[in-house]
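One file, work.cif, carrying mmCIF, C-alpha atoms:
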data_final
#
loop_
_atom_site.group_PDB
_atom_site.id
_atom_site.type_symbol
_atom_site.label_atom_id
_atom_site.label_comp_id
_atom_site.auth_asym_id
_atom_site.auth_seq_id
_atom_site.Cartn_x
_atom_site.Cartn_y
_atom_site.Cartn_z
ATOM 1 C CA MET A 1 87.199 122.987 123.237
ATOM 2 C CA SER A 2 86.252 119.499 124.308
ATOM 3 C CA ALA A 3 88.892 116.812 124.455
ATOM 4 C CA SER A 4 89.254 113.187 125.460
ATOM 5 C CA ILE A 5 92.407 111.422 126.581
ATOM 6 C CA ARG A 6 93.699 108.144 125.099
ATOM 7 C CA ARG A 7 97.246 106.786 125.065
ATOM 8 C CA GLY A 8 98.376 110.060 126.635
ATOM 9 C CA LYS A 9 97.155 111.976 123.571
ATOM 10 C CA ARG A 10 94.661 114.830 123.405
ATOM 11 C CA PHE A 11 91.963 114.615 120.745
ATOM 12 C CA SER A 12 90.114 117.886 120.311
ATOM 13 C CA SER A 13 86.918 118.679 118.449
ATOM 14 C CA GLY A 14 88.524 121.575 116.551
ATOM 15 C CA ALA A 15 88.672 121.606 112.742
ATOM 16 C CA GLY A 16 91.556 122.479 110.468
ATOM 17 C CA THR A 17 92.171 126.029 109.352
ATOM 18 C CA GLY A 18 91.870 127.221 105.754
ATOM 19 C CA TYR A 19 94.136 129.867 104.305
ATOM 20 C CA SER A 20 93.989 131.986 101.187
ATOM 21 C CA ALA A 21 96.656 133.038 98.733
ATOM 22 C CA PHE A 22 98.232 136.457 98.436
ATOM 23 C CA ASN A 23 101.571 138.009 97.528
ATOM 24 C CA GLY A 24 102.917 134.829 95.971
ATOM 25 C CA VAL A 25 102.669 132.750 99.153
ATOM 26 C CA ALA A 26 101.315 129.258 98.484
ATOM 27 C CA THR A 27 97.915 128.727 100.039
ATOM 28 C CA MET A 28 96.930 126.045 102.482
ATOM 29 C CA ALA A 29 94.445 124.883 99.867
ATOM 30 C CA ASP A 30 97.460 124.039 97.682
ATOM 31 C CA PHE A 31 98.811 121.606 100.277
ATOM 32 C CA LYS A 32 97.338 118.464 101.780
ATOM 33 C CA ILE A 33 98.392 116.616 104.908
ATOM 34 C CA ALA A 34 97.976 112.847 104.782
ATOM 35 C CA PRO A 35 98.511 111.048 108.095
ATOM 36 C CA SER A 36 99.483 107.428 107.552
ATOM 37 C CA ILE A 37 97.449 105.067 109.697
ATOM 38 C CA LEU A 38 100.399 102.666 109.794
ATOM 39 C CA SER A 39 101.540 104.631 112.872
ATOM 40 C CA ALA A 40 98.096 104.913 114.484
ATOM 41 C CA ASP A 41 96.767 102.964 117.467
ATOM 42 C CA PHE A 42 94.991 100.060 115.766
ATOM 43 C CA ALA A 43 93.028 99.242 118.910
ATOM 44 C CA ASN A 44 91.305 102.626 118.454
ATOM 45 C CA LEU A 45 91.716 103.081 114.725
ATOM 46 C CA GLY A 46 88.337 104.620 113.965
ATOM 47 C CA GLU A 47 88.751 107.195 116.710
ATOM 48 C CA GLU A 48 92.297 107.928 115.623
ATOM 49 C CA VAL A 49 91.146 108.674 112.089
ATOM 50 C CA LYS A 50 88.315 110.886 113.339
ATOM 51 C CA ALA A 51 90.762 112.750 115.554
ATOM 52 C CA VAL A 52 93.259 113.647 112.827
ATOM 53 C CA GLU A 53 90.399 114.671 110.564
ATOM 54 C CA ARG A 54 89.095 117.046 113.243
ATOM 55 C CA ALA A 55 92.630 118.349 113.630
ATOM 56 C CA GLY A 56 92.674 119.338 109.952
ATOM 57 C CA ALA A 57 94.107 116.402 107.991
ATOM 58 C CA ASP A 58 93.054 116.082 104.350
ATOM 59 C CA TYR A 59 93.885 112.531 103.272
ATOM 60 C CA CYS A 60 93.794 109.268 105.196
ATOM 61 C CA HIS A 61 96.838 107.394 103.910
ATOM 62 C CA PHE A 62 96.939 103.594 103.803
ATOM 63 C CA ASP A 63 100.298 101.827 103.566
ATOM 64 C CA VAL A 64 99.379 98.419 102.178
ATOM 65 C CA MET A 65 102.255 95.918 102.334
ATOM 66 C CA ASP A 66 102.327 92.243 101.379
ATOM 67 C CA ASN A 67 105.605 90.850 102.792
ATOM 68 C CA HIS A 68 106.534 90.087 99.181
ATOM 69 C CA TYR A 69 107.120 93.314 97.267
ATOM 70 C CA VAL A 70 108.219 94.883 100.571
ATOM 71 C CA PRO A 71 109.430 93.160 103.764
ATOM 72 C CA ASN A 72 106.412 93.865 105.935
ATOM 73 C CA LEU A 73 102.766 92.825 106.205
ATOM 74 C CA THR A 74 100.117 95.394 107.089
ATOM 75 C CA ILE A 75 96.473 95.904 106.103
ATOM 76 C CA GLY A 76 93.965 94.966 103.435
ATOM 77 C CA PRO A 77 90.745 96.297 101.933
ATOM 78 C CA MET A 78 88.634 95.361 104.972
ATOM 79 C CA VAL A 79 90.298 98.180 106.908
ATOM 80 C CA ALA A 80 89.403 100.693 104.200
ATOM 81 C CA GLU A 81 85.839 99.392 104.168
ATOM 82 C CA ALA A 82 85.603 99.775 107.950
ATOM 83 C CA LEU A 83 86.963 103.340 107.955
ATOM 84 C CA LYS A 84 85.060 104.685 104.953
ATOM 85 C CA PRO A 85 81.834 105.378 106.920
ATOM 86 C CA VAL A 86 83.617 107.188 109.764
ATOM 87 C CA THR A 87 85.590 109.802 107.810
ATOM 88 C CA GLY A 88 85.099 112.357 105.100
ATOM 89 C CA MET A 89 88.799 112.371 104.260
ATOM 90 C CA THR A 90 90.054 111.089 100.930
ATOM 91 C CA LEU A 91 91.106 107.438 101.288
ATOM 92 C CA ASP A 92 94.589 107.443 99.781
ATOM 93 C CA CYS A 93 95.650 103.814 99.320
ATOM 94 C CA HIS A 94 99.291 103.091 98.544
ATOM 95 C CA LEU A 95 99.648 99.488 97.379
ATOM 96 C CA MET A 96 103.121 98.094 98.016
ATOM 97 C CA ILE A 97 102.129 94.683 96.742
ATOM 98 C CA GLU A 98 102.956 92.354 93.861
ATOM 99 C CA PRO A 99 101.027 91.442 91.787
ATOM 100 C CA VAL A 100 98.892 94.536 92.138
ATOM 101 C CA ASP A 101 96.066 94.122 89.609
ATOM 102 C CA PRO A 102 94.046 91.421 91.435
ATOM 103 C CA ILE A 103 93.636 93.554 94.570
ATOM 104 C CA VAL A 104 92.766 96.867 92.856
ATOM 105 C CA PRO A 105 89.022 96.094 92.490
ATOM 106 C CA GLU A 106 88.875 95.030 96.137
ATOM 107 C CA PHE A 107 90.222 98.359 97.374
ATOM 108 C CA ALA A 108 87.958 100.256 94.996
ATOM 109 C CA LYS A 109 84.953 98.335 96.292
ATOM 110 C CA ALA A 110 86.068 99.063 99.865
ATOM 111 C CA GLY A 111 85.930 102.809 99.214
ATOM 112 C CA ALA A 112 89.389 103.876 98.078
ATOM 113 C CA ASP A 113 89.469 107.266 96.378
ATOM 114 C CA ILE A 114 93.089 107.115 95.198
ATOM 115 C CA ILE A 115 94.961 103.897 94.430
ATOM 116 C CA THR A 116 98.707 104.191 93.963
ATOM 117 C CA PHE A 117 101.008 101.392 92.846
ATOM 118 C CA HIS A 118 104.658 100.780 91.997
ATOM 119 C CA PRO A 119 105.549 100.244 88.332
ATOM 120 C CA GLU A 120 107.924 97.409 89.273
ATOM 121 C CA ALA A 121 104.948 95.530 90.761
ATOM 122 C CA SER A 122 102.986 95.448 87.498
ATOM 123 C CA ARG A 123 103.799 93.662 84.263
ATOM 124 C CA HIS A 124 101.834 96.310 82.377
ATOM 125 C CA PRO A 125 101.719 99.620 84.325
ATOM 126 C CA HIS A 126 99.573 101.387 81.729
ATOM 127 C CA ARG A 127 96.997 98.621 81.987
ATOM 128 C CA THR A 128 97.057 98.922 85.789
ATOM 129 C CA VAL A 129 96.371 102.657 85.513
ATOM 130 C CA GLN A 130 93.416 101.896 83.240
ATOM 131 C CA LEU A 131 92.150 99.271 85.678
ATOM 132 C CA ILE A 132 92.237 101.734 88.579
ATOM 133 C CA LYS A 133 90.367 104.368 86.596
ATOM 134 C CA ASP A 134 87.831 101.832 85.368
ATOM 135 C CA GLN A 135 86.988 101.226 89.037
ATOM 136 C CA GLY A 136 86.166 104.922 89.469
ATOM 137 C CA CYS A 137 89.318 105.793 91.438
ATOM 138 C CA LYS A 138 92.165 108.208 90.830
ATOM 139 C CA ALA A 139 95.412 106.515 89.810
ATOM 140 C CA GLY A 140 98.802 107.187 91.325
ATOM 141 C CA LEU A 141 102.301 105.985 90.469
ATOM 142 C CA SER A 142 104.883 105.557 93.221
ATOM 143 C CA LEU A 143 108.621 105.931 92.647
ATOM 144 C CA ASN A 144 111.094 104.405 95.102
ATOM 145 C CA PRO A 145 114.437 106.098 95.827
ATOM 146 C CA GLY A 146 116.062 103.917 93.172
ATOM 147 C CA THR A 147 113.246 104.056 90.608
ATOM 148 C CA PRO A 148 114.099 106.135 87.523
ATOM 149 C CA LEU A 149 111.883 108.968 86.364
ATOM 150 C CA GLU A 150 111.612 107.477 82.885
ATOM 151 C CA TRP A 151 108.482 105.606 83.988
ATOM 152 C CA LEU A 152 106.742 108.978 83.773
ATOM 153 C CA ASP A 153 107.588 109.394 80.093
ATOM 154 C CA TYR A 154 104.548 107.373 79.059
ATOM 155 C CA LEU A 155 102.375 107.560 82.158
ATOM 156 C CA LEU A 156 102.405 111.148 83.439
ATOM 157 C CA GLU A 157 99.477 112.244 81.287
ATOM 158 C CA GLU A 158 97.452 109.176 82.334
ATOM 159 C CA ILE A 159 97.727 109.442 86.112
ATOM 160 C CA ASP A 160 96.408 111.763 88.817
ATOM 161 C CA LEU A 161 99.219 111.577 91.365
ATOM 162 C CA VAL A 162 102.935 110.841 91.619
ATOM 163 C CA LEU A 163 104.117 109.529 94.966
ATOM 164 C CA VAL A 164 107.811 110.013 95.698
ATOM 165 C CA MET A 165 109.128 107.603 98.294
ATOM 166 C CA SER A 166 111.689 109.520 100.330
ATOM 167 C CA VAL A 167 112.535 106.313 102.203
ATOM 168 C CA ASN A 168 112.775 102.752 100.986
ATOM 169 C CA PRO A 169 109.310 101.217 101.349
ATOM 170 C CA GLY A 170 108.496 98.622 103.968
ATOM 171 C CA PHE A 171 108.679 100.264 107.384
ATOM 172 C CA GLY A 172 107.488 103.430 109.100
ATOM 173 C CA GLY A 173 109.630 105.778 111.129
ATOM 174 C CA GLN A 174 112.574 105.991 108.708
ATOM 175 C CA ALA A 175 114.672 109.106 108.140
ATOM 176 C CA PHE A 176 114.117 111.272 105.061
ATOM 177 C CA ILE A 177 116.580 110.534 102.224
ATOM 178 C CA GLU A 178 117.969 113.929 101.236
ATOM 179 C CA SER A 179 118.625 112.956 97.620
ATOM 180 C CA SER A 180 114.838 112.743 97.239
ATOM 181 C CA MET A 181 114.783 116.535 96.987
ATOM 182 C CA ASP A 182 116.332 116.451 93.521
ATOM 183 C CA LYS A 183 113.774 113.883 92.402
ATOM 184 C CA ILE A 184 110.905 116.005 93.740
ATOM 185 C CA ARG A 185 112.202 119.074 91.885
ATOM 186 C CA ALA A 186 112.609 117.103 88.670
ATOM 187 C CA ILE A 187 109.087 115.677 88.846
ATOM 188 C CA ARG A 188 107.636 119.103 89.655
ATOM 189 C CA LYS A 189 109.261 120.429 86.497
ATOM 190 C CA ARG A 190 107.878 117.563 84.438
ATOM 191 C CA ILE A 191 104.358 118.162 85.763
ATOM 192 C CA ASP A 192 104.522 121.893 85.141
ATOM 193 C CA ASP A 193 106.062 121.526 81.689
ATOM 194 C CA ALA A 194 103.380 119.013 80.687
ATOM 195 C CA GLY A 195 100.605 121.245 82.023
ATOM 196 C CA VAL A 196 98.833 118.294 83.637
ATOM 197 C CA ASN A 197 96.710 118.245 86.773
ATOM 198 C CA VAL A 198 98.800 115.770 88.751
ATOM 199 C CA GLU A 199 99.428 115.979 92.477
ATOM 200 C CA LEU A 200 102.940 115.387 93.779
ATOM 201 C CA GLU A 201 102.922 113.456 97.032
ATOM 202 C CA VAL A 202 105.918 112.626 99.237
ATOM 203 C CA ASP A 203 106.076 109.808 101.776
ATOM 204 C CA GLY A 204 108.886 109.029 104.182
ATOM 205 C CA GLY A 205 110.444 110.949 107.039
ATOM 206 C CA ILE A 206 108.109 113.927 106.651
ATOM 207 C CA LYS A 207 108.029 116.021 109.814
ATOM 208 C CA ALA A 208 106.958 119.524 110.767
ATOM 209 C CA ASP A 209 110.599 120.636 110.647
ATOM 210 C CA ASN A 210 111.220 119.602 107.028
ATOM 211 C CA VAL A 211 107.798 119.853 105.389
ATOM 212 C CA ALA A 212 108.394 123.419 104.174
ATOM 213 C CA ARG A 213 111.591 122.431 102.331
ATOM 214 C CA VAL A 214 109.777 119.539 100.685
ATOM 215 C CA ALA A 215 106.943 121.867 99.664
ATOM 216 C CA GLU A 216 109.377 124.400 98.234
ATOM 217 C CA ALA A 217 110.872 121.609 96.122
ATOM 218 C CA GLY A 218 107.434 121.113 94.590
ATOM 219 C CA ALA A 219 105.377 118.685 96.672
ATOM 220 C CA ASP A 220 101.630 119.146 97.184
ATOM 221 C CA VAL A 221 100.700 116.263 99.503
ATOM 222 C CA PHE A 222 102.655 115.226 102.579
ATOM 223 C CA VAL A 223 102.353 111.762 104.084
ATOM 224 C CA SER A 224 103.375 111.555 107.708
ATOM 225 C CA GLY A 225 102.857 108.592 109.991
ATOM 226 C CA SER A 226 104.881 108.888 113.171
ATOM 227 C CA GLY A 227 105.216 112.628 112.534
ATOM 228 C CA VAL A 228 101.496 112.945 113.296
ATOM 229 C CA PHE A 229 100.302 109.891 115.181
ATOM 230 C CA LYS A 230 103.175 109.820 117.679
ATOM 231 C CA ALA A 231 102.378 113.361 118.815
ATOM 232 C CA ASP A 232 100.621 113.909 122.131
ATOM 233 C CA ASP A 233 98.372 116.564 120.621
ATOM 234 C CA TYR A 234 97.178 116.041 117.053
ATOM 235 C CA ASP A 235 95.753 119.553 116.754
ATOM 236 C CA ALA A 236 99.027 121.140 117.792
ATOM 237 C CA ARG A 237 101.086 118.873 115.537
ATOM 238 C CA ILE A 238 99.023 119.471 112.411
ATOM 239 C CA LYS A 239 99.057 123.186 113.204
ATOM 240 C CA GLU A 240 102.866 122.955 113.200
ATOM 241 C CA PHE A 241 102.678 121.487 109.695
ATOM 242 C CA ARG A 242 100.239 124.204 108.563
ATOM 243 C CA ASP A 243 102.314 126.999 110.058
ATOM 244 C CA ALA A 244 105.430 125.703 108.312
ATOM 245 C CA LEU A 245 103.596 125.381 104.999
ATOM 246 C CA ALA A 246 102.221 128.903 105.340
ATOM 247 C CA THR A 247 105.759 130.236 104.865
ATOM 248 C CA VAL A 248 106.313 128.461 101.536
ATOM 249 C CA LYS A 249 106.660 130.510 98.360
ATOM 250 C CA ARG A 250 106.336 128.819 94.995
#
Just dump the structure as structure tokens.
Amino acid sequence: MSASIRRGKRFSSGAGTGYSAFNGVATMADFKIAPSILSADFANLGEEVKAVERAGADYCHFDVMDNHYVPNLTIGPMVAEALKPVTGMTLDCHLMIEPVDPIVPEFAKAGADIITFHPEASRHPHRTVQLIKDQGCKAGLSLNPGTPLEWLDYLLEEIDLVLVMSVNPGFGGQAFIESSMDKIRAIRKRIDDAGVNVELEVDGGIKADNVARVAEAGADVFVSGSGVFKADDYDARIKEFRDALATVKR
């Protein structure tokens, strides 16, 4: 296995491992790992993204912040446009910005596959969902720790993904808020009861040592920034996630 060394990290050429289902154990195909580039080395961003893809990541997660809706300023559509040609991963763009509608077409044009927004950041969330879909992207709705589930009453059947924030948005590296587990379980029940094809994604404090619990609560997609990009060996770290998820029964 070939490897190169940067920032004290090992980047191998190995690919992720697929698993199949049997005996009620959830399959690896049921779960997706989404490293957040917010924690990557921006001086080598293209190589970082290639490395986690080779290690077996599924989604490339963008944390887009505007220093208005959240107290931080990060990246814009030019970064998505630059990364689109270098990865086959789904570009999963989480817009923590207000207003959100004006920037949606820019991210779609840049190559976003999924665009997720916060209902508090839109005057008309249903219209924002329609706008995202009109651009040819999947639409996601993000719920902060203090955001009530009632937003899903009229939007669940219109969207493709629910993103549960298990930290308050704005900064990476925060600890997982344990009360998020009840919210994840409640949303899983809503999705299953409605019979809709909606992914349940969780972002905030996701590590290899808690990802199985979060999956058992009902999550499908796991965003992890520092939990992946701060590892010395991306292959080994994502394997830790996969091994933990392989034990999950749902």
ask   = So what does the PyMOL selection byres ((chain A and resi 137-151) around 6) actually pick up in this one, as a PyMOL selection string?
value = chain A and resi 113-118+129+132-133+135-136+152-153+159-165
Evaluate the PyMOL selection byres ((chain A and resi 64-76) around 8) here and jot the selected residues down as a PyMOL selection string. chain A and resi 38+62-63+77-80+93-98+107+121+169-171
Length of the atom CA of Val223 of chain A to atom CA of Pro102 of chain A vector [Å] |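 Computed distance, atom CA of Val223 of chain A to atom CA of Pro102 of chain A, equals 25.4 Å.
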For Ile187 of chain A, list every protein, DNA or RNA residue within 8 Å, evaluated using all atoms listed in the file, and leave out those in the same chain fewer than 4 positions away; present the list as a list in words.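 What passes the distance filter is Leu149, Lys183, Ile191 and Leu200 of chain A.
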Include C-alpha atoms and write out the residues we just selected as a compact mmCIF listing (two decimals), in the frame of the given file.
# COMPACT_ATOMS: atom_id res chain seq x y z
CA LEU A 149 111.88 108.97 86.36
CA LYS A 183 113.77 113.88 92.40
CA ILE A 191 104.36 118.16 85.76
CA LEU A 200 102.94 115.39 93.78
Requested in this report: Have a look at A:Asp192, A:Glu157, A:Asp220, A:Asp92 and name the one nearest to Lys32 of chain A; count only C-alpha atoms.
Outcome: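 Ranked by minimum distance to Lys32 of chain A, first place goes to A:Asp220.
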Chain and number of each residue from the PyMOL selection byres ((chain A and resi 224) around 8), as an mmCIF file with C-alpha atoms, in the frame of the given file:
data_model
loop_
_atom_site.group_PDB
_atom_site.id
_atom_site.type_symbol
_atom_site.label_atom_id
_atom_site.label_comp_id
_atom_site.auth_asym_id
_atom_site.auth_seq_id
_atom_site.Cartn_x
_atom_site.Cartn_y
_atom_site.Cartn_z
ATOM 1 C CA ILE A 33 98.392 116.616 104.908
ATOM 2 C CA ALA A 34 97.976 112.847 104.782
ATOM 3 C CA PRO A 35 98.511 111.048 108.095
ATOM 4 C CA SER A 36 99.483 107.428 107.552
ATOM 5 C CA ASP A 203 106.076 109.808 101.776
ATOM 6 C CA GLY A 204 108.886 109.029 104.182
ATOM 7 C CA GLY A 205 110.444 110.949 107.039
ATOM 8 C CA ILE A 206 108.109 113.927 106.651
ATOM 9 C CA LYS A 207 108.029 116.021 109.814
ATOM 10 C CA PHE A 222 102.655 115.226 102.579
ATOM 11 C CA VAL A 223 102.353 111.762 104.084
ATOM 12 C CA GLY A 225 102.857 108.592 109.991
ATOM 13 C CA SER A 226 104.881 108.888 113.171
ATOM 14 C CA GLY A 227 105.216 112.628 112.534
ATOM 15 C CA VAL A 228 101.496 112.945 113.296
#
Report as JSON lines the residues of segment 110-170 of chain A within 9 Å of segment 83-86 of chain A, each with its shortest atom pair and distance in Å (one decimal), using all atoms listed in the file, ordered by chain and increasing residue number.
{"residue": "A:Ala110", "atom": "CA", "partner": "A:Lys84", "partner_atom": "CA", "distance": 7.6}
{"residue": "A:Gly111", "atom": "CA", "partner": "A:Lys84", "partner_atom": "CA", "distance": 6.1}
{"residue": "A:Ala112", "atom": "CA", "partner": "A:Lys84", "partner_atom": "CA", "distance": 8.2}
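Candidate residues A:Arg242, A:Lys230, A:Arg54, A:Arg123 were compared for distance to Val211 of chain A, and the nearest is A:Arg242, using all atoms listed in the file.
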